[in-house]
Amino acid sequence: MQELKFPNKFLWGAATSAHQVEGDNSNNDWWQAENQGLLSHPARDAADHYNRFAQDFDLARELGHNAHRLSIEWSRIEPKPGQFDEQATRHYRRVLLYLREHGIEPIVTLHHFTNPIWFAEICGWENKNSPEIFARYVAYCNEHFGDYIKWWVTINEPTVYVLQGYFMGVWPPFQKNVPKGIKVLWNMAKAHRAAYRVLKKLSDGHKENFVSIAHNMAAYVPARQNNPIEKILASIIGYFSNDYFLRLIKKHYDYIGLNYYMVKRVHFNGKINFFIPQSSAKTDMGWEIAPLGLLQVLRHLPKYKKPILITENGLADAKDDRRWPFILNHLLMVHTAITEGVDVRGYLHWSLMDNLELAEGFGPRFGLIKINYDNQAREIRESARKYASIIKKNAIPVETIQPLLENNKYYPEVLRRYLQNIIRIKPQS
């Protein structure tokens with residue numbers, strides 16, 4: 001049987017973030033905003049992952065995962081400035097040890113959107129001292145968790161944090177202030193560079209570690225291929241969204257953590273907007289499903305001469321009728337990039353389980369594992385088991401692709417032709 005093989009030691013798994021799954025993160029700025037009525041969907045117990053992590057990781061291992069991306073909640077570790085919580089430290093050591101004992105490589109994020117309340121009260125990332133404050137927390141994490149961690153993510157999606165919190169004003173700190181947002185982005189870049197130096201300096205000399213950010217990158221394309229203005233705008237917006245922050249942290253990352261979700265079709269009719277064709281397959285949140293965009297982004301990244309780890313890729317799909325085609329489609333793009341020489345080390349689906357989708361609440365269902373929020377029961381979705389079949393083989397069997405090629409709903413003609421070419425099978429008459 002023909003198979004599309006992935007490299008040996010490829011990392012397969014899923015991702016989560018503390019505030020979105022743990023529950024009872026009552027000392028951060030998101031919880032504070034929720035309880036002030038500024039966000040309409042309080043986290044409360046979320047998926048109760050803080051207490052059920054062993055059960056969740058057992059399910060991940062059942063699905064064959066050999067890697068898992070998680071975040072450490074800063075506000076638990078450092079509830080007051082310079083004061084570190086021993087109980088929280090012991091908890092995360094148990095979490096990391098459990099992953100290690102079950103053959104799952106931890107990929108650890110140190111900041112995933114939430115800030116301790118005390119940090120927010122001193123203006124958070126606007127504060128000129130924020131890089132040093134963050135580096136102090138990073139040093140503590142390295143000292144107490146570093147023996148379990150090879151892959152570090154210092155900050156998750158800094159450009160998204162700024163866009164949502166300072167340009168659009170829909171996330172804490174709810175500001176619409178572009179100059180402040182730019183200042184925050186620069187401070188986050190400084191904080192990452194400081195964290196990188198800490199993690200490299202303090203790591204065991206006999207232990208290799210990899211340090212980066214998780215960077216949200218979309219594929220920016222003109223809505224009309226023959227429109228020169230839209231082509232130029234797509235290039236400019238793409239640079240500032242995808243490349244600019246990587247330039248700010250130049251020489252201070254060992255790999256590129258890639259979060260990919262969508263294509264952005266840049267349309268200009270006197271003002272800039274983003275166009276989604278009505279005929280496109282979409283997620284429950286209305287995002288266009290565009291696997292070819294992932295290939296476009298992967299082809300863009302070798303100029304940085306760093307390996308790539310796909311740290312997030314997923315969709316909201318409550319019925320679980322698009323997730324399997326979505327995963328398979330995107331993995332075909334990953335495999336294609338690898339055959340072209342792109343150094344991709346792993347794929348982490350977002351997310352392991354249903355979670356709080358931040359401002360959107362618990363409605364969107366991103367999980368490989370379904371959560372019943374009434375009783376916290378877990379149920380593995382069928383798409384997760386099909387993903388597990390690829391993980392088990394470390395390959396995509398060609399026989400799994402043919403049935404999906406016949407489904408017009410998920411395969412626009414351009415993608416159909418592309419897939420038929422790369423796997424060399426003829427459409428059935």
# chains A, B, ... in the order shown; residues from 1 in each chain; ligands from 1
$ residues_around --residues "segment 246-261 of chain A" --least-positions-apart "5" --cutoff "7 Å" --atoms "only C-alpha atoms" --output "VMD selection string"
chain A and resid 189 193 196 210 to 218 294 306 to 314
$ select_by_dssp --residues "segment 23-245 of chain A" --states "alpha helix (DSSP H)" --output "PyMOL selection string"
chain A and resi 29-35+49-62+74-77+86-101+117-121+130-145+158-162+178-202+228-238+244-245
$ closest_atom_pairs --of "segment 99-173 of chain A" --to "segment 355-369 of chain A" --cutoff "10 Å" --atoms "only C-alpha atoms" --output "CSV"
residue,atom,partner,partner_atom,distance
A:Phe113,CA,A:Leu358,CA,9.6
A:Val170,CA,A:Ala359,CA,7.8
A:Trp171,CA,A:Ala359,CA,7.3
$ write_last_selection --atoms "N, CA and C atoms" --output "mmCIF file, in the first residue's frame"
data_model
loop_
_atom_site.group_PDB
_atom_site.id
_atom_site.type_symbol
_atom_site.label_atom_id
_atom_site.label_comp_id
_atom_site.auth_asym_id
_atom_site.auth_seq_id
_atom_site.Cartn_x
_atom_site.Cartn_y
_atom_site.Cartn_z
ATOM 1 N N PHE A 113 -1.499 34.476 26.687
ATOM 2 C CA PHE A 113 -2.496 35.552 26.733
ATOM 3 C C PHE A 113 -2.799 36.111 28.122
ATOM 4 N N VAL A 170 -10.870 44.184 22.235
ATOM 5 C CA VAL A 170 -11.887 43.204 22.637
ATOM 6 C C VAL A 170 -11.371 42.211 23.676
ATOM 7 N N TRP A 171 -10.077 42.233 23.963
ATOM 8 C CA TRP A 171 -9.462 41.412 25.012
ATOM 9 C C TRP A 171 -8.832 42.336 26.041
#
$ closest_residue --among "A:Leu163, A:Ile122, A:Ala219, A:Leu185" --to "Leu295 of chain A" --atoms "only C-alpha atoms"
A:Ala219
$ decode --residues "segment 63-84 of chain A" --atoms "C-alpha atoms" --output "short mmCIF file (atom, residue, chain, number, x, y, z; two decimals), in the first residue's frame"
data_model
loop_
_atom_site.label_atom_id
_atom_site.label_comp_id
_atom_site.auth_asym_id
_atom_site.auth_seq_id
_atom_site.Cartn_x
_atom_site.Cartn_y
_atom_site.Cartn_z
CA LEU A 63 -4.44 8.20 20.65
CA GLY A 64 -0.71 7.69 20.12
CA HIS A 65 0.40 11.23 20.87
CA ASN A 66 4.12 11.53 21.54
CA ALA A 67 4.05 15.29 22.22
CA HIS A 68 1.80 17.76 23.99
CA ARG A 69 1.93 21.52 24.14
CA LEU A 70 0.67 23.04 27.39
CA SER A 71 1.07 26.34 29.17
CA ILE A 72 2.12 27.17 32.70
CA GLU A 73 -0.18 29.75 34.26
CA TRP A 74 2.02 32.66 35.33
CA SER A 75 -0.53 33.91 37.87
CA ARG A 76 -0.46 30.56 39.68
CA ILE A 77 3.34 30.42 39.83
CA GLU A 78 3.89 34.08 40.80
CA PRO A 79 0.67 35.24 42.51
CA LYS A 80 2.43 38.32 43.89
CA PRO A 81 5.46 40.10 42.44
CA GLY A 82 8.59 38.16 43.28
CA GLN A 83 6.69 35.63 45.43
CA PHE A 84 6.46 32.13 44.00
#
